[in-house]
$ cat my_file37.csv   # CSV, C-alpha atoms
chain,number,residue,atom,x,y,z
T,1,MET,CA,101.6,113.8,90.3
T,2,ALA,CA,104.4,115.6,92.2
T,3,VAL,CA,104.6,115.9,96.0
T,4,SER,CA,106.5,118.9,97.1
T,5,PRO,CA,108.5,119.5,100.3
T,6,ALA,CA,106.8,122.8,100.3
T,7,ASP,CA,103.6,120.9,101.3
T,8,ASN,CA,105.3,120.2,104.7
T,9,VAL,CA,106.3,116.8,103.5
T,10,PRO,CA,109.9,115.7,104.3
T,11,PRO,CA,112.0,115.7,101.1
T,12,PHE,CA,112.9,112.0,101.2
T,13,ILE,CA,109.2,111.1,101.6
T,14,ALA,CA,108.2,113.6,98.8
T,15,ALA,CA,110.7,112.0,96.5
T,16,GLN,CA,109.6,108.4,97.1
T,17,LEU,CA,105.9,109.3,96.9
T,18,THR,CA,106.3,111.3,93.7
T,19,HIS,CA,108.2,108.4,92.1
T,20,LEU,CA,105.6,105.9,93.2
T,21,LEU,CA,102.7,108.0,91.8
T,22,SER,CA,104.5,108.5,88.5
T,23,HIS,CA,105.7,105.0,87.9
T,24,PHE,CA,103.3,102.5,89.5
T,25,ARG,CA,101.5,100.4,86.9
T,26,PHE,CA,98.1,101.4,88.2
T,27,THR,CA,96.7,104.8,89.1
T,28,LEU,CA,97.1,105.4,92.8
T,29,LYS,CA,95.4,108.0,94.9
T,30,VAL,CA,96.7,109.7,98.1
T,31,GLU,CA,93.5,110.0,100.2
T,32,GLN,CA,95.1,112.0,103.0
T,33,MET,CA,98.4,113.0,104.7
T,34,TRP,CA,99.0,113.9,108.3
T,35,SER,CA,101.6,114.5,111.0
T,36,GLY,CA,102.6,112.2,113.8
T,37,ASP,CA,102.1,114.8,116.5
T,38,LYS,CA,98.8,115.2,118.2
T,39,TYR,CA,98.3,118.8,116.9
T,40,ASN,CA,99.1,117.8,113.3
T,41,SER,CA,101.5,120.7,113.1
T,42,GLY,CA,104.7,118.7,112.4
T,43,PRO,CA,106.0,117.3,109.1
T,44,PHE,CA,103.5,115.2,107.2
T,45,ASP,CA,105.2,111.8,107.4
T,46,ARG,CA,102.3,109.5,107.1
T,47,PHE,CA,99.6,109.0,104.4
T,48,THR,CA,96.8,106.8,103.2
T,49,LEU,CA,97.1,105.2,99.8
T,50,LEU,CA,94.1,104.0,97.7
T,51,ILE,CA,95.5,101.1,95.7
T,52,PRO,CA,93.5,99.6,92.8
T,53,PHE,CA,92.6,95.9,93.3
T,54,CYS,CA,90.0,93.7,91.8
T,55,LEU,CA,88.2,96.7,90.2
T,56,ASP,CA,88.0,98.4,93.6
T,57,PHE,CA,90.4,100.1,96.0
T,58,ILE,CA,92.2,98.8,99.1
T,59,LYS,CA,93.2,101.4,101.6
T,60,TRP,CA,96.5,101.1,103.4
T,61,ASP,CA,98.3,103.6,105.8
T,62,PHE,CA,102.0,104.2,105.4
T,63,ILE,CA,103.6,105.4,108.6
T,64,TYR,CA,107.1,107.0,108.3
T,65,ASN,CA,109.1,108.7,111.1
T,66,ALA,CA,110.5,112.0,109.9
T,67,GLU,CA,112.9,112.1,112.8
T,68,CYS,CA,114.3,108.6,111.9
T,69,PRO,CA,114.4,108.5,108.1
T,70,THR,CA,116.7,105.4,108.0
T,71,VAL,CA,113.8,103.3,109.5
T,72,ALA,CA,111.5,101.7,107.0
T,73,PRO,CA,107.8,102.8,107.2
T,74,ASP,CA,105.2,100.7,109.0
T,75,VAL,CA,102.2,99.7,106.9
T,76,VAL,CA,98.7,99.4,108.4
T,77,PHE,CA,96.2,97.2,106.4
T,78,GLY,CA,92.4,97.4,106.6
T,79,PRO,CA,90.5,95.8,109.5
T,80,GLU,CA,89.1,93.1,107.2
T,81,ASP,CA,92.7,91.9,106.4
T,82,GLU,CA,93.9,91.2,109.9
T,83,ASN,CA,95.1,87.8,108.7
T,84,PHE,CA,97.2,89.2,105.9
T,85,HIS,CA,100.9,88.7,106.8
T,86,PRO,CA,102.8,89.4,103.6
T,87,PHE,CA,106.3,88.8,105.0
T,88,HIS,CA,105.3,85.4,106.3
T,89,MET,CA,104.0,84.2,102.9
T,90,PRO,CA,106.0,82.8,100.0
T,91,SER,CA,106.5,85.7,97.5
T,92,SER,CA,105.1,85.5,93.9
T,93,ASP,CA,108.6,85.6,92.3
T,94,GLY,CA,110.5,83.5,94.8
T,95,THR,CA,112.5,86.4,96.2
T,96,GLN,CA,113.2,86.9,99.9
T,97,ALA,CA,110.1,88.5,101.2
T,98,ALA,CA,111.7,90.8,103.8
T,99,SER,CA,114.5,92.1,101.5
T,100,CYS,CA,112.6,95.3,100.5
T,101,LEU,CA,112.6,96.3,104.2
T,102,SER,CA,115.8,94.8,105.6
T,103,ASP,CA,118.1,96.9,103.3
T,104,TRP,CA,115.9,100.0,103.4
T,105,ASN,CA,117.6,103.1,101.9
T,106,TYR,CA,115.6,106.2,102.4
T,107,ARG,CA,117.7,108.1,99.9
T,108,ASP,CA,116.6,105.8,97.1
T,109,PRO,CA,113.3,107.2,95.6
T,110,THR,CA,112.3,103.8,94.2
T,111,ARG,CA,112.1,102.0,97.5
T,112,LEU,CA,108.4,102.9,98.2
T,113,LEU,CA,107.5,101.8,94.7
T,114,SER,CA,109.2,98.4,95.3
T,115,LEU,CA,107.4,98.0,98.7
T,116,VAL,CA,103.9,98.8,97.4
T,117,GLN,CA,104.4,96.6,94.4
T,118,PHE,CA,105.6,93.7,96.6
T,119,LEU,CA,102.7,94.2,99.0
T,120,ARG,CA,100.1,94.3,96.3
T,121,ASP,CA,101.5,91.1,94.6
T,122,GLN,CA,101.3,89.4,98.0
T,123,TYR,CA,97.8,90.6,98.5
T,124,VAL,CA,96.8,89.0,95.2
T,125,LEU,CA,98.1,85.7,96.4
T,126,TYR,CA,96.5,86.1,99.8
T,127,GLN,CA,93.0,86.7,98.3
T,128,ARG,CA,93.5,83.9,95.9
T,129,LYS,CA,94.3,81.6,98.8
T,130,ARG,CA,91.2,82.8,100.8
T,131,VAL,CA,88.9,82.1,97.8
T,132,GLY,CA,90.4,78.7,97.2
T,133,GLU,CA,89.5,77.7,100.8
T,134,VAL,CA,85.8,78.5,100.4
T,135,ASP,CA,83.7,75.4,100.8
T,136,ASP,CA,81.6,75.8,97.6
T,137,ASP,CA,81.8,73.2,94.9
T,138,ARG,CA,80.6,75.5,92.1
T,139,LEU,CA,83.2,78.1,93.0
T,140,LYS,CA,86.0,75.5,93.1
T,141,PHE,CA,85.0,74.4,89.6
T,142,GLU,CA,84.9,77.9,88.3
T,143,ILE,CA,88.4,78.7,89.7
T,144,SER,CA,89.9,75.5,88.2
T,145,THR,CA,88.7,76.5,84.7
T,146,ILE,CA,89.8,80.1,84.6
T,147,LEU,CA,92.8,80.3,86.9
T,148,SER,CA,95.2,80.0,83.9
T,149,ARG,CA,94.0,83.3,82.5
T,150,GLU,CA,96.7,85.9,82.9
T,151,GLY,CA,95.9,88.9,85.2
T,152,ILE,CA,92.8,87.5,86.8
T,153,GLU,CA,92.1,88.8,90.4
T,154,MET,CA,89.7,87.6,93.0
T,155,HIS,CA,88.4,88.9,96.3
T,156,MET,CA,86.5,87.3,99.2
T,157,SER,CA,84.2,89.6,101.0
T,158,SER,CA,82.1,89.0,104.1
T,159,GLY,CA,80.6,90.9,106.9
T,160,ALA,CA,77.9,90.8,109.6
T,161,GLU,CA,75.4,92.7,107.5
T,162,LYS,CA,76.0,91.1,104.1
T,163,PRO,CA,76.3,87.5,102.8
T,164,GLU,CA,79.6,86.1,101.7
T,165,GLU,CA,80.5,86.5,98.1
T,166,VAL,CA,83.5,86.2,95.8
T,167,LYS,CA,84.3,88.7,93.2
T,168,PHE,CA,86.4,88.0,90.1
T,169,ALA,CA,88.0,90.7,87.9
T,170,VAL,CA,88.6,89.0,84.5
T,171,PRO,CA,90.7,90.9,81.9
T,172,LEU,CA,89.2,90.6,78.5
T,173,LEU,CA,90.6,90.9,74.9
T,174,ASP,CA,94.1,90.0,74.1
T,175,MET,CA,94.5,93.1,72.0
T,176,ASN,CA,96.5,96.4,72.4
T,177,ILE,CA,93.7,99.0,72.2
T,178,ASN,CA,96.3,101.8,72.6
T,179,LYS,CA,98.1,100.8,69.4
T,180,MET,CA,94.9,100.7,67.5
T,181,VAL,CA,94.3,104.5,68.1
T,182,PRO,CA,96.5,106.8,66.0
T,183,SER,CA,98.3,109.4,68.1
T,184,CYS,CA,97.0,107.6,71.2
T,185,PRO,CA,97.1,110.0,74.3
T,186,TRP,CA,96.7,107.3,76.9
T,187,ARG,CA,99.5,106.8,79.4
T,188,TYR,CA,98.3,103.4,80.7
T,189,PRO,CA,97.1,100.4,78.6
T,190,GLN,CA,93.4,100.5,78.2
T,191,LYS,CA,91.7,97.3,79.5
T,192,ILE,CA,88.2,96.0,79.7
T,193,HIS,CA,87.3,93.7,82.6
T,194,LEU,CA,84.4,91.6,83.4
T,195,GLN,CA,83.3,91.7,87.0
T,196,VAL,CA,81.8,88.5,88.1
T,197,VAL,CA,80.2,88.2,91.6
T,198,TYR,CA,79.2,84.8,93.0
T,199,PRO,CA,77.2,84.2,96.2
T,200,VAL,CA,78.8,81.7,98.5
T,201,GLY,CA,77.4,78.8,100.4
T,202,ARG,CA,73.8,78.7,99.2
T,203,LYS,CA,73.7,74.9,99.0
T,204,TYR,CA,69.9,74.7,99.5
T,205,MET,CA,69.4,76.1,96.0
T,206,SER,CA,68.3,73.4,93.5
T,207,ALA,CA,70.2,75.1,90.6
T,208,PRO,CA,72.9,77.7,90.9
T,209,SER,CA,71.8,81.1,89.8
T,210,ALA,CA,73.7,83.2,87.3
T,211,PRO,CA,76.4,85.4,88.8
T,212,ARG,CA,76.2,89.2,88.7
T,213,LEU,CA,78.0,90.4,85.7
T,214,LYS,CA,79.2,93.9,84.8
T,215,LEU,CA,81.7,95.3,82.3
T,216,VAL,CA,84.2,97.7,83.7
T,217,SER,CA,86.7,100.0,82.0
T,218,SER,CA,88.7,103.1,82.7
T,219,SER,CA,86.9,106.5,82.1
T,220,GLU,CA,89.5,107.3,79.4
T,221,LEU,CA,88.2,104.5,77.2
T,222,LYS,CA,84.9,106.2,76.9
T,223,ALA,CA,86.4,108.7,74.4
T,224,LEU,CA,86.6,105.7,72.0
T,225,PHE,CA,84.1,103.2,73.2
T,226,SER,CA,81.5,103.2,75.9
T,227,ILE,CA,80.9,99.9,77.6
T,228,ASP,CA,77.6,101.3,78.8
T,229,ASP,CA,76.4,100.7,75.2
T,230,VAL,CA,77.3,97.0,75.3
T,231,LYS,CA,74.5,94.5,76.0
T,232,LEU,CA,76.0,91.4,77.7
T,233,PRO,CA,75.1,88.0,76.3
T,234,PRO,CA,72.7,86.0,78.4
T,235,TRP,CA,74.0,83.5,81.0
T,236,LEU,CA,72.4,80.2,80.1
T,237,ASP,CA,71.4,77.6,82.7
T,238,GLY,CA,74.3,75.3,83.7
T,239,MET,CA,76.8,77.6,82.0
T,240,CYS,CA,80.3,78.2,83.5
T,241,LEU,CA,82.5,81.2,83.1
T,242,ALA,CA,85.0,79.4,80.8
T,243,GLU,CA,82.0,78.8,78.4
T,244,TYR,CA,80.7,82.4,78.7
T,245,LEU,CA,83.9,84.3,78.0
T,246,PRO,CA,84.8,83.3,74.4
T,247,ASN,CA,81.5,84.6,73.0
T,248,LEU,CA,81.7,87.8,75.0
T,249,GLU,CA,85.3,88.5,73.9
T,250,GLU,CA,84.4,87.8,70.3
T,251,TYR,CA,81.5,90.3,70.5
T,252,LEU,CA,83.7,92.9,72.3
T,253,GLU,CA,86.5,92.6,69.8
T,254,LYS,CA,84.1,93.4,67.0
T,255,GLN,CA,82.7,96.4,68.9
T,256,VAL,CA,86.2,97.8,69.6
T,257,SER,CA,87.2,97.4,66.0
T,258,GLU,CA,84.1,99.2,64.8
T,259,ALA,CA,84.8,102.0,67.3
T,260,VAL,CA,88.3,102.5,65.9
T,261,LEU,CA,86.9,102.6,62.3
T,262,SER,CA,84.4,105.2,63.5
T,263,ILE,CA,87.2,107.6,64.2
T,264,ASP,CA,87.9,107.8,60.5
T,265,LEU,CA,84.2,108.3,59.7
T,266,ARG,CA,84.0,111.2,62.2
T,267,ARG,CA,87.2,112.7,60.8
T,268,GLN,CA,85.7,112.6,57.2
T,269,PHE,CA,82.6,114.2,58.5
T,270,ILE,CA,84.5,117.1,60.1
T,271,GLU,CA,86.5,117.5,56.9
T,272,ALA,CA,83.2,117.7,54.9
T,273,LEU,CA,81.9,120.3,57.3
T,274,ALA,CA,85.1,122.4,56.7
T,275,ILE,CA,84.2,122.6,53.0
T,276,GLN,CA,81.0,124.5,53.9
T,277,LEU,CA,81.9,126.2,57.2
T,278,GLY,CA,85.6,126.8,56.8
T,279,ARG,CA,88.5,125.5,58.8
T,280,PRO,CA,87.4,124.7,62.4
T,281,VAL,CA,88.6,126.9,65.2
T,282,GLU,CA,88.8,123.9,67.4
T,283,ALA,CA,88.6,120.2,66.9
T,284,ASP,CA,89.4,116.9,68.7
T,285,PRO,CA,92.5,115.7,66.8
T,286,VAL,CA,92.5,112.1,68.1
T,287,PHE,CA,89.0,110.8,68.6
T,288,CYS,CA,87.2,113.5,66.5
T,289,ARG,CA,84.4,113.8,69.0
T,290,LYS,CA,84.2,117.6,68.9
T,291,ALA,CA,84.5,120.4,66.4
T,292,THR,CA,83.8,124.1,66.5
T,293,PHE,CA,83.4,126.5,63.5
T,294,LEU,CA,83.1,130.3,63.3
T,295,SER,CA,80.2,131.3,61.1
T,296,ALA,CA,78.2,134.5,60.3
T,297,THR,CA,75.0,135.7,58.8
T,298,GLY,CA,75.2,139.3,57.9
T,299,VAL,CA,76.9,141.1,60.8
T,300,PHE,CA,75.9,138.4,63.3
T,301,THR,CA,78.8,136.1,64.1
T,302,PHE,CA,78.4,132.9,66.1
T,303,LEU,CA,80.1,129.6,66.9
T,304,VAL,CA,78.7,126.2,65.8
T,305,HIS,CA,79.6,123.4,68.1
T,306,PHE,CA,79.4,119.8,67.0
T,307,LEU,CA,79.4,117.0,69.6
T,308,ILE,CA,79.9,113.7,67.7
T,309,PRO,CA,78.9,110.5,69.5
T,310,THR,CA,81.0,107.3,69.5
T,311,GLN,CA,78.1,105.6,67.7
T,312,PHE,CA,78.4,107.9,64.7
T,313,PRO,CA,76.9,107.7,62.1
T,314,LYS,CA,74.2,105.4,63.7
T,315,GLN,CA,73.7,108.3,66.1
T,316,GLN,CA,73.7,111.8,64.7
T,317,PRO,CA,75.8,114.7,66.1
T,318,THR,CA,74.4,117.3,68.5
T,319,ILE,CA,74.7,120.9,67.3
T,320,MET,CA,74.8,123.9,69.5
T,321,LEU,CA,75.0,127.6,68.4
T,322,GLN,CA,76.8,130.2,70.6
T,323,SER,CA,76.6,133.9,70.0
T,324,SER,CA,79.8,136.0,69.8
T,325,GLN,CA,77.9,139.2,70.5
T,326,HIS,CA,75.2,138.5,73.1
T,327,PHE,CA,75.7,137.7,76.7
T,328,ASN,CA,73.6,137.0,79.8
T,329,SER,CA,73.7,138.8,83.1
T,330,GLN,CA,76.6,136.7,84.2
T,331,MET,CA,78.5,137.8,81.1
T,332,ALA,CA,78.3,134.2,79.7
T,333,PRO,CA,77.7,134.0,75.9
T,334,LEU,CA,74.2,133.0,74.9
T,335,LYS,CA,73.8,129.5,73.5
T,336,SER,CA,71.0,127.7,71.7
T,337,ARG,CA,69.4,124.5,72.9
T,338,PRO,CA,71.0,121.3,71.7
T,339,LEU,CA,69.8,120.8,68.1
T,340,VAL,CA,69.1,117.3,66.8
T,341,ASP,CA,66.0,118.0,64.7
T,342,TYR,CA,67.8,118.4,61.4
T,343,PRO,CA,67.8,116.2,58.3
T,344,TRP,CA,69.9,113.2,58.8
T,345,SER,CA,70.5,109.6,57.6
T,346,PRO,CA,73.4,107.4,58.6
T,347,ARG,CA,73.5,106.1,55.0
T,348,TRP,CA,74.4,109.4,53.6
T,349,GLU,CA,78.0,110.2,52.5
T,350,PRO,CA,79.8,112.8,54.6
T,351,LEU,CA,79.5,115.5,51.9
T,352,LEU,CA,75.7,115.1,51.8
T,353,MET,CA,75.5,115.2,55.6
T,354,ALA,CA,77.5,118.4,55.6
T,355,ASP,CA,75.4,120.0,52.8
T,356,ARG,CA,72.1,119.2,54.5
T,357,ILE,CA,73.4,120.6,57.9
T,358,TYR,CA,74.6,123.8,56.1
T,359,GLU,CA,71.1,124.3,54.6
T,360,PHE,CA,69.6,123.7,58.1
T,361,LEU,CA,72.0,126.2,59.7
T,362,ALA,CA,71.1,128.9,57.2
T,363,ASP,CA,67.6,129.0,58.6
T,364,GLU,CA,68.4,128.2,62.2
T,365,ALA,CA,71.0,131.0,62.4
T,366,LEU,CA,68.3,133.6,61.7
T,367,ASN,CA,66.1,132.1,64.4
T,368,PHE,CA,69.0,132.1,66.8
T,369,LYS,CA,69.9,135.7,66.0
T,370,ARG,CA,66.2,136.8,66.7
T,371,GLN,CA,66.1,134.8,70.0
T,372,CYS,CA,69.4,136.5,71.1
T,373,SER,CA,68.1,139.9,70.2
T,374,GLU,CA,64.8,139.4,72.0
T,375,GLY,CA,66.4,137.8,75.0
T,376,THR,CA,64.2,134.7,74.8
T,377,LEU,CA,67.0,132.2,75.3
$ encode --input "my_file37.csv" --output "structure tokens"
Amino acid sequence: MAVSPADNVPPFIAAQLTHLLSHFRFTLKVEQMWSGDKYNSGPFDRFTLLIPFCLDFIKWDFIYNAECPTVAPDVVFGPEDENFHPFHMPSSDGTQAASCLSDWNYRDPTRLLSLVQFLRDQYVLYQRKRVGEVDDDRLKFEISTILSREGIEMHMSSGAEKPEEVKFAVPLLDMNINKMVPSCPWRYPQKIHLQVVYPVGRKYMSAPSAPRLKLVSSSELKALFSIDDVKLPPWLDGMCLAEYLPNLEEYLEKQVSEAVLSIDLRRQFIEALAIQLGRPVEADPVFCRKATFLSATGVFTFLVHFLIPTQFPKQQPTIMLQSSQHFNSQMAPLKSRPLVDYPWSPRWEPLLMADRIYEFLADEALNFKRQCSEGTL
């Protein structure tokens, strides 16, 4: 994302913010920008950043002064983090905590990136310290068994209207999913996390209940593999997280490997369709989830859209026909309903799948032509 001075943002702030959004290791969001004067008519020299943390977002305000660019920005944290003092804590890498502000250079576009990275790293330590201070024996044991896992984050939440709870974000699978996908289009490494939520302080319970568990991944990963299709293994009585994770990771690794192999199966299916329907006019070149062919019966021409699920061939593709000659009152081309009632078996070879679909389309195209002509769609 690029922030332009034309948006009423001072050039030095635009340069720092653009560099931050382009190079930060997580996807950041600018929620809003505003001016320091009461009429909001001056230069936009302050903004709110949404920063990913523990599978959620933390919201911080960065307050610059456009009239004094040599002064480092102030940072306003959320009301629930009033005890977060990042420059009074030891830093994670042992560097001088205040150095990123004491020698502030507004002409250096990397300075905001360094500041946000430092603050987020300190926030990880701050939340880890808060969780470690919770008076809960079960939680202390869980922390002692999984703290050595790289990349784990934890968050302590509490409020007047909800009970205290601790949330863990546990990265899963020590495998590079990006490298497993040929011609991978993803900018960031794709990760799968297990979100684990523990209630705190319920000492009256005779046996601790299972924590709330949920798999979380980026939306981009759904093009390859949907975690919504994964059924989590049961949490057995007396189990701890260190016991639960190995079986889950073994199961997930198998699922991801099968999803990568499914790309080749979908590609072979599209290639088999091309023998019958001709070269596709459009196709998904990476994940092979979509393909469109131009077909005709007599003088009636139409497009055949194939939507191929990640669970292919266990789940059959959805077919939709689109007329090239008939349009509705909004001048949108007429389309058929999604078609799934055609001959199909996941055990068939791709060539046989394509042959049976071609035979089905020969009859369905005539029905579709008649419906278009009669205006019954």
$ residues_around --input "my_file37.csv" --residues "region 140-143 of chain T" --least-positions-apart "5" --cutoff "9 Å" --atoms "only C-alpha atoms" --output "list in words"
Val131, Gly132, Glu133, Val134, Asp135, Cys240, Leu241 and Ala242 of chain T
$ write_last_selection --input "my_file37.csv" --atoms "C-alpha atoms" --output "short mmCIF file (atom, residue, chain, number, x, y, z; two decimals), in the coordinates of the input"
data_model
loop_
_atom_site.label_atom_id
_atom_site.label_comp_id
_atom_site.auth_asym_id
_atom_site.auth_seq_id
_atom_site.Cartn_x
_atom_site.Cartn_y
_atom_site.Cartn_z
CA VAL T 131 88.90 82.10 97.80
CA GLY T 132 90.40 78.70 97.20
CA GLU T 133 89.50 77.70 100.80
CA VAL T 134 85.80 78.50 100.40
CA ASP T 135 83.70 75.40 100.80
CA CYS T 240 80.30 78.20 83.50
CA LEU T 241 82.50 81.20 83.10
CA ALA T 242 85.00 79.40 80.80
#
$ closest_residue --input "my_file37.csv" --among "T:Ser157, T:Ser91, T:Gln255, T:Ser345" --to "Pro313 (chain T)" --atoms "all atoms listed in the file"
T:Ser345
$ closest_residue --input "my_file37.csv" --among "T:Pro11, T:Ile63, T:Ser144, T:Cys54" --to "Gly36 (chain T)" --atoms "all atoms listed in the file"
T:Ile63
$ closest_residue --input "my_file37.csv" --among "T:Phe360, T:Tyr126, T:Trp60, T:Phe53" --to "Met89 (chain T)" --atoms "only C-alpha atoms"
T:Tyr126
$ closest_residue --input "my_file37.csv" --among "T:Phe57, T:Pro43, T:Leu265, T:Thr48" --to "Asp74 (chain T)" --atoms "all atoms listed in the file"
T:Thr48
